[in-house]
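A.B. asks: Please read through the structure below; I'll follow up with questions.
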Amino acid sequence: MFKRTAGLFLLCILMIFAYLPMALAFQSANVDDTLNLLTDQQVKELQSLIETTSLEHNLDLAVVITDQTEGKSSRDFADDYYDSKGFGVGEDYSGLLLLINMKDREVWISTTGRAIDIFTDARINAMVDSITGFLSDGNYNQACTEFVNQVRNYAVQGVPAGQHRINTDPGTYMERVIRQIQSPLVYIIPLVIAIIATVLASLSSKGKVTINNRTYEEKDSFQLVDTQDHFIRESVTQMKIPNNPGGSGGGSSTHTGSSGSTHGGGGGRF
Amino acid sequence: MASVKEYKCLNCKAGLTFDPASQKWKCGYCFSEFTKAQLDVALKEEEQEQLDQAMPDLDSYHCTSCGAELIIDGTISATHCLYCKSPAIIKSRFTGKFKPKRVIPFKLTKSQAEDLYRKWIKKRLFAPNEFKTQEEIKRVTGVYAPFWLFDCMVDGEIDGEGTKVSSWTVGEYRYTKTKYFRVVRKGKIKYHNIPVDASKKLDDTLMHKMEPYNYNDLTDFSLQYMSGFMAEKYDVEADEAGKVMKERVNDYTEERLKDTVHGYTSYLVQGRQISVADEAHDYSLLPVYILVNNYKEKEHIFMVNGQTGKVVGDAPISFLKQLVFAGSIFAIVWLVAVFGGALIV
C-alpha cells in the first residue's frame, strides 16, 4: 500500500520535474519555442544574436516553433503572427519571421517591409534549403542560428540590382478587377484591336481580285527551260548570347495578409 | 438593210428578250419561248447578218415598235426604247471592226442581281443609312461589256539573289551562316484569253475585279443575245489594251518563275527579261450587271459578274459609323480584358 502511494508520489514529482523546464522557460521577446525544442541557453543565445542583427541592420527578427497554427497555412500563420505581435522596424515594419511548423513539418520565412526587397525569392529559397537541411536532422538550434546568420549575410549585401516585386496574391475578384482597370494594357490592347478591326472592315467592303498568275495560263504550257543556282559567297556572324535576361536581381513575390499588410517570403518542407 | 435590229416574237410580234435563267428568248406579252435554233431557222433569210461589212454609224434611231426617235450615246450598241421599253440593237455598232467574235451570254437574271445587291448593301457596315435605304435597286442594268481577250506566248527569265541561312550555338556564342546564291530561272508559258477592259466608261480596276469569267460558256457572237440588255462597243483600241495585258503577263511570269525557286531562306528578284510573242486578240462581250448610285454628288458603282455572280462595289463610308464600330469593339475587348482578365490573373 505504502509502496504504491510512494510510487504515485514519485511519479508526481517526476512529472512536475518533467514539466518544470516549460514553466520556468526563458521568456524571449523574439523567440517563441512553444514545443521546447531549444534549451534555455540556446534561446538566450539566439535572442542576443537577433538583437545585435536587428540593431545592425534595422530589421526585426522572430523565430516561432509551434504545432498549433489555428488551422491556418504556414504562410498565413507566419504573416498574422508577425503582424499581431507588432514586430517590425520603422514605418514599413521591416523584418523577418521564421516559422517552424512541426504539425505540417514545414518551414516558412515571412518577410515584411524592406526585408521583402532584400530577400528575393532566390535568396529565400536558398535560406529555406539550408534551414530544412538542419531541421531534417532534428537540429533545431542550428536551423535557427543559420536563419539569423543568413539574414545578416544578405542584409549586408542589401537589395540586389534589378530586384522587383511580383504580386502573387490574387486578392478578391473585385480587387483584381480594379487592378485590371488600372493597368494600361487593358486600354492599349483594345484600342489596337479596335483600330485594326475597323480598318480591315472598311477595306473589305471593296471587292478583291480573285485571279492569280495561273488563271490564264494554258494548262501544261509552262516549261522550265533553264535553272541556274550558283554559289557566290558566304558570311558568318558571331553573337554573344545574353545570359540571364532580366538581370541577377530577380523578383520578390508578395501577397497581402489578412490584416491588410504586405508580406513576402517562401517556405519548404523538412 | 435595217440599221436597228429588234427581235420580234414569232407569234405576236412583240419584242423578244433573252432570258438568262432558261437561256431562251421570251416574249413579254404572249409568254412564248424560243430556243436559239428556232430563232435561227425562223429568221434565216434576214439573219444572214453581214456584220463583217461596216455600216455607217448613226446617232439616233426610230423605235421599230412605237416609232419614237431616240438619241443614242456614242458607245451604246444595245439599249431599250425610252418610251415603250422595246429592246433595240444598233446594228452598225456591231459591224466591221466592231463585230465581236465571241460572247458569254448572261447567266444571272436581273432579279438575282438585285438580290445580290440587297445582300451586299446589308453587309456594308459603314454605309450611311440614307445610302442603304435608297430605292435604287430597280436601276440595276445588265450590260455586255467590251473586252479584248489576249492569247500570247511568253519567254521569261528572272535573275536574283537567294540566301540559305543556318545557325548553331557554341558555348556562349551563336553563329549565323548566310550563303548567297545567284538564282536564274528561264521558262516558257502560254497564256490564253487574258481579258482587258475595252471600255473607257467602265472602271478598269472594278472590271478587273469582275474576273475570272468561266470561258466554257464563251460562244460565237450572235446579235440575238443582245436583245433585252444594254451593250457597249469598245473605245479602247487593241494596241492600247495590249500594253495593259503585257504588264499583267510580266507579273504573272515573274511570279510563276519565282514559284519554281525552292530551298532558299529568301529570294529576291533583281532583274527580269520577259518577251511576249505570238500575240493574238479577240473582241468579245462579257456580261456584267451595273448599278450606279449617286450619293452626295459622288458616284458609287456596284457590279455583279453576269455569269458567276461575283460582287464588287464601293459604298460611301460614314465616319460616324466607323467610330461607333471601333468604339463598340473597344468596349467589348475592354470588358473581356478587365472582367475576364481578372479571372485568370
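Naming scheme: A, B, ... for chains in displayed order of the C-alpha cells; residues 1 onward per chain; ligands 1 onward as shown.
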Up to 6 Å from chain A, what residues of chain B turn up? Count only C-alpha atoms and give them as JSON, numbers by chain.
C.D. replies: {"B": [172, 173, 174, 175, 176, 177, 178, 179, 180, 181, 182, 183, 184, 185, 186, 187, 188, 189, 190, 191, 192, 194, 209, 252, 312, 313, 314, 326, 329, 330, 333, 334, 338, 342]}
A.B. asks: Which of stretch 92-135 of chain A end up as alpha helix (DSSP H) when DSSP is run on this backbone - answer as a PyMOL selection string?
C.D. replies: chain A and resi 114-118+121-135
A.B. asks: So that I can see what lies close to A:Gln157, please list as an NGL selection string the residues with an atom at most 12 Å from it, counting only C-alpha atoms and leaving out residues fewer than 5 positions away in the same chain.
C.D. replies: :A and (57 or 117-120 or 123 or 150-152 or 249)
A.B. asks: Which neighbours of B:Leu285 fall inside 6 Å, counting only C-alpha atoms, when residues of the same chain fewer than 5 positions from it are skipped, and could you give them as a count of residues only?
C.D. replies: 5
A.B. asks: Write out as a ChimeraX atom specification the residues lying within 10 Å of stretch 83-91 of chain B, counting only C-alpha atoms and excluding same-chain residues fewer than 2 positions away.
C.D. replies: /B:1-8,14-17,49,51,54-70,72,76-81,93-95,98-99,223-224,226-231
A.B. asks: Restricting the output to N, CA and C atoms, write the selected residues as a compact mmCIF listing (two decimals), in the first residue's frame.
C.D. replies:
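Output (selection-v1.txt):
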# COMPACT_ATOMS: atom_id res chain seq x y z
N MET B 1 -31.02 47.69 -145.83
CA MET B 1 -30.66 46.96 -144.62
C MET B 1 -31.00 47.81 -143.40
N ALA B 2 -31.81 47.21 -142.53
CA ALA B 2 -32.22 47.95 -141.33
C ALA B 2 -31.02 48.14 -140.43
N SER B 3 -30.85 49.36 -139.92
CA SER B 3 -29.68 49.59 -139.08
C SER B 3 -30.00 49.32 -137.62
N VAL B 4 -31.29 49.24 -137.29
CA VAL B 4 -31.65 48.90 -135.92
C VAL B 4 -32.34 47.56 -135.94
N LYS B 5 -31.88 46.67 -135.08
CA LYS B 5 -32.39 45.31 -135.09
C LYS B 5 -33.28 45.12 -133.86
N GLU B 6 -34.47 44.61 -134.13
CA GLU B 6 -35.30 44.25 -132.99
C GLU B 6 -35.88 42.89 -133.25
N TYR B 7 -35.66 41.97 -132.29
CA TYR B 7 -36.20 40.62 -132.46
C TYR B 7 -37.64 40.60 -132.01
N LYS B 8 -38.50 40.14 -132.94
CA LYS B 8 -39.95 40.14 -132.66
C LYS B 8 -40.40 38.73 -132.36
N ALA B 14 -44.41 41.09 -130.63
CA ALA B 14 -43.89 41.99 -129.58
C ALA B 14 -42.38 41.73 -129.45
N GLY B 15 -41.71 42.59 -128.70
CA GLY B 15 -40.25 42.44 -128.59
C GLY B 15 -39.86 41.19 -127.81
N LEU B 16 -38.80 40.51 -128.31
CA LEU B 16 -38.29 39.33 -127.62
C LEU B 16 -37.06 39.72 -126.81
N THR B 17 -36.94 39.13 -125.60
CA THR B 17 -35.71 39.38 -124.83
C THR B 17 -35.08 38.05 -124.44
N GLU B 49 -26.68 37.69 -141.24
CA GLU B 49 -26.13 39.01 -140.89
C GLU B 49 -24.78 39.23 -141.56
N LEU B 51 -22.33 41.12 -140.73
CA LEU B 51 -21.74 42.05 -139.76
C LEU B 51 -20.31 42.40 -140.12
N ALA B 54 -18.74 46.92 -142.58
CA ALA B 54 -19.02 48.07 -141.72
C ALA B 54 -20.22 48.84 -142.25
N MET B 55 -21.07 49.28 -141.34
CA MET B 55 -22.21 50.08 -141.74
C MET B 55 -22.00 51.49 -141.22
N PRO B 56 -22.55 52.46 -141.90
CA PRO B 56 -22.40 53.83 -141.40
C PRO B 56 -23.05 53.98 -140.02
N ASP B 57 -22.36 54.66 -139.13
CA ASP B 57 -22.87 54.81 -137.77
C ASP B 57 -24.00 55.81 -137.75
N LEU B 58 -24.84 55.71 -136.72
CA LEU B 58 -25.91 56.69 -136.58
C LEU B 58 -25.96 57.17 -135.14
N ASP B 59 -26.48 58.37 -134.94
CA ASP B 59 -26.56 58.84 -133.56
C ASP B 59 -28.00 58.94 -133.08
N SER B 60 -28.94 58.50 -133.92
CA SER B 60 -30.32 58.41 -133.44
C SER B 60 -31.02 57.31 -134.24
N TYR B 61 -32.11 56.80 -133.69
CA TYR B 61 -32.84 55.77 -134.40
C TYR B 61 -34.32 55.88 -134.10
N HIS B 62 -35.11 55.23 -134.96
CA HIS B 62 -36.55 55.21 -134.72
C HIS B 62 -36.92 53.86 -134.15
N CYS B 63 -37.62 53.87 -133.04
CA CYS B 63 -38.04 52.62 -132.42
C CYS B 63 -38.95 51.89 -133.38
N THR B 64 -38.64 50.63 -133.61
CA THR B 64 -39.44 49.88 -134.57
C THR B 64 -40.80 49.50 -134.01
N SER B 65 -40.99 49.66 -132.70
CA SER B 65 -42.28 49.32 -132.11
C SER B 65 -43.20 50.53 -132.03
N CYS B 66 -42.66 51.65 -131.51
CA CYS B 66 -43.55 52.80 -131.29
C CYS B 66 -43.20 53.98 -132.18
N GLY B 67 -42.12 53.88 -132.87
CA GLY B 67 -41.80 54.94 -133.83
C GLY B 67 -41.13 56.17 -133.25
N ALA B 68 -40.88 56.17 -131.95
CA ALA B 68 -40.24 57.33 -131.34
C ALA B 68 -38.81 57.46 -131.85
N GLU B 69 -38.33 58.69 -131.94
CA GLU B 69 -36.95 58.88 -132.34
C GLU B 69 -36.08 59.02 -131.10
N LEU B 70 -35.01 58.22 -131.07
CA LEU B 70 -34.21 58.19 -129.85
C LEU B 70 -32.75 58.50 -130.18
N ILE B 72 -28.85 58.16 -129.36
CA ILE B 72 -28.06 57.14 -128.67
C ILE B 72 -26.64 57.64 -128.39
N ILE B 76 -22.96 53.14 -126.83
CA ILE B 76 -24.03 52.17 -126.54
C ILE B 76 -24.43 51.46 -127.82
N SER B 77 -24.42 50.13 -127.79
CA SER B 77 -24.71 49.39 -129.00
C SER B 77 -25.99 48.57 -128.88
N ALA B 78 -26.47 48.38 -127.66
CA ALA B 78 -27.77 47.75 -127.49
C ALA B 78 -28.47 48.48 -126.36
N THR B 79 -29.77 48.69 -126.49
CA THR B 79 -30.47 49.52 -125.50
C THR B 79 -31.98 49.20 -125.53
N HIS B 80 -32.74 50.03 -124.84
CA HIS B 80 -34.20 49.90 -124.87
C HIS B 80 -34.78 51.21 -125.36
N CYS B 81 -35.96 51.11 -125.91
CA CYS B 81 -36.67 52.34 -126.25
C CYS B 81 -37.09 53.00 -124.95
N ARG B 93 -23.19 49.27 -134.84
CA ARG B 93 -22.14 49.24 -133.81
C ARG B 93 -21.64 47.82 -133.51
N PHE B 94 -22.13 46.89 -134.29
CA PHE B 94 -21.62 45.52 -134.20
C PHE B 94 -20.99 45.08 -135.51
N THR B 95 -20.78 46.04 -136.42
CA THR B 95 -20.29 45.66 -137.74
C THR B 95 -18.85 46.10 -137.93
N PHE B 98 -16.07 46.42 -135.27
CA PHE B 98 -16.79 46.30 -134.01
C PHE B 98 -17.57 45.00 -133.89
N LYS B 99 -17.36 44.10 -134.84
CA LYS B 99 -18.05 42.83 -134.76
C LYS B 99 -17.37 41.94 -133.71
N LEU B 223 -26.18 38.48 -132.48
CA LEU B 223 -26.91 39.68 -132.04
C LEU B 223 -28.07 39.33 -131.13
N GLN B 224 -28.58 38.10 -131.29
CA GLN B 224 -29.77 37.72 -130.53
C GLN B 224 -29.56 37.83 -129.01
N MET B 226 -28.07 39.98 -127.46
CA MET B 226 -28.09 41.37 -127.01
C MET B 226 -29.50 41.81 -126.64
N SER B 227 -30.48 41.11 -127.15
CA SER B 227 -31.86 41.54 -127.03
C SER B 227 -32.31 41.59 -125.57
N GLY B 228 -32.69 42.76 -125.13
CA GLY B 228 -33.16 42.92 -123.75
C GLY B 228 -32.06 43.40 -122.82
N PHE B 229 -30.84 43.55 -123.34
CA PHE B 229 -29.74 44.03 -122.49
C PHE B 229 -29.13 45.26 -123.11
N MET B 230 -28.31 45.92 -122.30
CA MET B 230 -27.52 47.01 -122.84
C MET B 230 -26.21 46.40 -123.34
N ALA B 231 -25.59 47.09 -124.28
CA ALA B 231 -24.27 46.65 -124.70
C ALA B 231 -23.46 47.90 -125.02
A.B. asks: Extract, using only C-alpha atoms, all DNA, RNA and protein residues at most 9 Å from stretch 22-27 of chain B, discarding same-chain residues fewer than 6 positions from it, and format them as a list in words.
C.D. replies: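 Near stretch 22-27 of chain B, the qualifying residues are Lys8, Cys9, Leu10, Asn11, Cys12, Lys13, Ala14, Gly15, Leu16, Glu33, Phe34, Thr35, Lys36, Leu39, Pro105, Phe106, Lys107, Gln224, Tyr225 and Ser227 of chain B.
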A.B. asks: Go ahead and dump the residues you just picked, N, CA, C and O atoms, as a JSON list (two decimals), in the first residue's frame.
C.D. replies:
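What landed in selection37.json:
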[["chain", "number", "residue", "atom", "x", "y", "z"],
["B", 8, "LYS", "N", -38.50, 40.14, -132.94],
["B", 8, "LYS", "CA", -39.95, 40.14, -132.66],
["B", 8, "LYS", "C", -40.40, 38.73, -132.36],
["B", 8, "LYS", "O", -39.90, 37.76, -132.94],
["B", 9, "CYS", "N", -41.38, 38.64, -131.47],
["B", 9, "CYS", "CA", -41.99, 37.36, -131.15],
["B", 9, "CYS", "C", -42.55, 36.73, -132.42],
["B", 9, "CYS", "O", -43.21, 37.41, -133.20],
["B", 10, "LEU", "N", -42.26, 35.46, -132.61],
["B", 10, "LEU", "CA", -42.73, 34.80, -133.83],
["B", 10, "LEU", "C", -44.24, 34.64, -133.83],
["B", 10, "LEU", "O", -44.87, 34.42, -134.86],
["B", 11, "ASN", "N", -44.87, 34.78, -132.64],
["B", 11, "ASN", "CA", -46.32, 34.63, -132.56],
["B", 11, "ASN", "C", -47.05, 35.96, -132.55],
["B", 11, "ASN", "O", -48.02, 36.15, -133.25],
["B", 12, "CYS", "N", -46.57, 36.92, -131.74],
["B", 12, "CYS", "CA", -47.35, 38.15, -131.57],
["B", 12, "CYS", "C", -46.63, 39.41, -132.00],
["B", 12, "CYS", "O", -47.16, 40.49, -131.89],
["B", 13, "LYS", "N", -45.42, 39.28, -132.44],
["B", 13, "LYS", "CA", -44.64, 40.43, -132.95],
["B", 13, "LYS", "C", -44.24, 41.46, -131.90],
["B", 13, "LYS", "O", -43.83, 42.57, -132.23],
["B", 14, "ALA", "N", -44.41, 41.09, -130.63],
["B", 14, "ALA", "CA", -43.89, 41.99, -129.58],
["B", 14, "ALA", "C", -42.38, 41.73, -129.45],
["B", 14, "ALA", "O", -41.87, 40.77, -130.01],
["B", 15, "GLY", "N", -41.71, 42.59, -128.70],
["B", 15, "GLY", "CA", -40.25, 42.44, -128.59],
["B", 15, "GLY", "C", -39.86, 41.19, -127.81],
["B", 15, "GLY", "O", -40.48, 40.84, -126.82],
["B", 16, "LEU", "N", -38.80, 40.51, -128.31],
["B", 16, "LEU", "CA", -38.29, 39.33, -127.62],
["B", 16, "LEU", "C", -37.06, 39.72, -126.81],
["B", 16, "LEU", "O", -36.24, 40.50, -127.27],
["B", 33, "GLU", "N", -41.82, 31.06, -125.79],
["B", 33, "GLU", "CA", -40.40, 30.86, -125.57],
["B", 33, "GLU", "C", -39.78, 30.27, -126.82],
["B", 33, "GLU", "O", -40.36, 29.38, -127.43],
["B", 34, "PHE", "N", -38.62, 30.73, -127.20],
["B", 34, "PHE", "CA", -37.95, 30.20, -128.39],
["B", 34, "PHE", "C", -36.50, 29.87, -128.08],
["B", 34, "PHE", "O", -35.84, 30.60, -127.34],
["B", 35, "THR", "N", -36.04, 28.78, -128.66],
["B", 35, "THR", "CA", -34.62, 28.44, -128.49],
["B", 35, "THR", "C", -33.82, 29.13, -129.58],
["B", 35, "THR", "O", -34.37, 29.71, -130.52],
["B", 36, "LYS", "N", -32.49, 29.08, -129.43],
["B", 36, "LYS", "CA", -31.63, 29.72, -130.42],
["B", 36, "LYS", "C", -31.85, 29.09, -131.79],
["B", 36, "LYS", "O", -31.96, 29.79, -132.81],
["B", 39, "LEU", "N", -35.05, 30.35, -133.43],
["B", 39, "LEU", "CA", -34.89, 31.71, -133.94],
["B", 39, "LEU", "C", -34.07, 31.72, -135.21],
["B", 39, "LEU", "O", -34.39, 32.40, -136.18],
["B", 105, "PRO", "N", -23.07, 34.68, -122.80],
["B", 105, "PRO", "CA", -24.42, 35.19, -122.53],
["B", 105, "PRO", "C", -24.68, 35.31, -121.03],
["B", 105, "PRO", "O", -24.08, 34.59, -120.24],
["B", 106, "PHE", "N", -25.58, 36.20, -120.69],
["B", 106, "PHE", "CA", -25.94, 36.37, -119.28],
["B", 106, "PHE", "C", -26.42, 35.05, -118.70],
["B", 106, "PHE", "O", -27.19, 34.31, -119.33],
["B", 107, "LYS", "N", -25.95, 34.73, -117.50],
["B", 107, "LYS", "CA", -26.41, 33.53, -116.79],
["B", 107, "LYS", "C", -27.31, 33.94, -115.63],
["B", 107, "LYS", "O", -28.17, 33.20, -115.20],
["B", 224, "GLN", "N", -28.58, 38.10, -131.29],
["B", 224, "GLN", "CA", -29.77, 37.72, -130.53],
["B", 224, "GLN", "C", -29.56, 37.83, -129.01],
["B", 224, "GLN", "O", -30.49, 38.17, -128.28],
["B", 225, "TYR", "N", -28.33, 37.54, -128.55],
["B", 225, "TYR", "CA", -28.07, 37.59, -127.11],
["B", 225, "TYR", "C", -28.19, 39.00, -126.56],
["B", 225, "TYR", "O", -28.38, 39.21, -125.37],
["B", 227, "SER", "N", -30.48, 41.11, -127.15],
["B", 227, "SER", "CA", -31.86, 41.54, -127.03],
["B", 227, "SER", "C", -32.31, 41.59, -125.57],
["B", 227, "SER", "O", -32.27, 40.59, -124.86]]
A.B. asks: What residues in stretch 39-167 of chain A get the DSSP label strand (DSSP E or B)? Please answer as a PyMOL selection string.
C.D. replies: chain A and resi 60-66+89+94-101+106-112+164-167
A.B. asks: Write the residues of the selection above to a file with N, CA and C atoms, as a compact mmCIF listing (two decimals), in the first residue's frame.
C.D. replies:
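Result file is out_23.txt:
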# COMPACT_ATOMS: atom_id res chain seq x y z
N ASP A 60 13.76 43.60 -37.89
CA ASP A 60 13.29 42.82 -36.76
C ASP A 60 13.32 41.35 -37.15
N LEU A 61 13.60 40.48 -36.19
CA LEU A 61 13.65 39.05 -36.49
C LEU A 61 12.84 38.31 -35.44
N ALA A 62 12.13 37.27 -35.89
CA ALA A 62 11.38 36.46 -34.93
C ALA A 62 11.48 35.01 -35.36
N VAL A 63 11.50 34.12 -34.33
CA VAL A 63 11.52 32.69 -34.61
C VAL A 63 10.36 32.07 -33.86
N VAL A 64 9.52 31.32 -34.55
CA VAL A 64 8.38 30.67 -33.90
C VAL A 64 8.45 29.18 -34.19
N ILE A 65 8.41 28.39 -33.11
CA ILE A 65 8.34 26.94 -33.28
C ILE A 65 7.04 26.48 -32.65
N THR A 66 6.16 25.88 -33.43
CA THR A 66 4.85 25.52 -32.88
C THR A 66 4.25 24.37 -33.67
N VAL A 89 10.54 47.00 -37.78
CA VAL A 89 11.29 48.21 -37.52
C VAL A 89 10.84 49.26 -38.52
N SER A 94 9.74 46.66 -41.12
CA SER A 94 10.68 45.77 -41.77
C SER A 94 11.13 44.66 -40.82
N GLY A 95 11.21 43.46 -41.37
CA GLY A 95 11.67 42.35 -40.56
C GLY A 95 11.36 41.01 -41.16
N LEU A 96 11.82 39.94 -40.48
CA LEU A 96 11.56 38.58 -40.97
C LEU A 96 11.09 37.71 -39.83
N LEU A 97 10.31 36.71 -40.18
CA LEU A 97 9.89 35.74 -39.18
C LEU A 97 10.11 34.35 -39.74
N LEU A 98 10.74 33.52 -38.89
CA LEU A 98 10.94 32.12 -39.28
C LEU A 98 9.94 31.28 -38.51
N LEU A 99 9.08 30.60 -39.24
CA LEU A 99 8.12 29.71 -38.60
C LEU A 99 8.55 28.27 -38.85
N ILE A 100 8.71 27.53 -37.73
CA ILE A 100 8.93 26.09 -37.89
C ILE A 100 7.64 25.42 -37.46
N ASN A 101 6.90 24.96 -38.45
CA ASN A 101 5.58 24.37 -38.22
C ASN A 101 5.77 22.86 -38.05
N GLU A 106 6.82 21.86 -41.72
CA GLU A 106 7.01 22.84 -42.79
C GLU A 106 7.76 24.03 -42.20
N VAL A 107 8.54 24.68 -43.03
CA VAL A 107 9.20 25.89 -42.57
C VAL A 107 8.75 27.05 -43.45
N TRP A 108 8.58 28.21 -42.85
CA TRP A 108 8.17 29.37 -43.64
C TRP A 108 8.90 30.61 -43.17
N ILE A 109 9.44 31.35 -44.13
CA ILE A 109 10.07 32.63 -43.78
C ILE A 109 9.17 33.72 -44.34
N SER A 110 8.68 34.56 -43.44
CA SER A 110 7.83 35.67 -43.85
C SER A 110 8.65 36.94 -43.81
N THR A 111 8.59 37.72 -44.89
CA THR A 111 9.33 38.99 -44.91
C THR A 111 8.35 40.15 -44.96
N THR A 112 8.76 41.27 -44.40
CA THR A 112 7.90 42.45 -44.37
C THR A 112 8.75 43.68 -44.64
N HIS A 164 12.78 43.35 -58.16
CA HIS A 164 11.44 43.91 -58.34
C HIS A 164 10.44 43.03 -57.62
N ARG A 165 9.36 43.63 -57.24
CA ARG A 165 8.34 42.85 -56.53
C ARG A 165 7.34 42.26 -57.51
N ILE A 166 6.91 41.05 -57.21
CA ILE A 166 5.89 40.40 -58.03
C ILE A 166 4.75 40.05 -57.09
N ASN A 167 3.62 40.64 -57.37
CA ASN A 167 2.49 40.37 -56.50
C ASN A 167 1.85 39.04 -56.88
A.B. asks: Quick one: residues within 10 Å of A:Ser261, only C-alpha atoms, excluding same-chain residues fewer than 4 positions away - as a ChimeraX atom specification?
C.D. replies: /A:79-80,83,92-93,112-113,255-257
A.B. asks: If I take atom CA of B:Val292 and atom CA of B:Ile71, how far is one from the other in Å, to one decimal?
C.D. replies: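 Distance between the two atoms: 21.2 Å.
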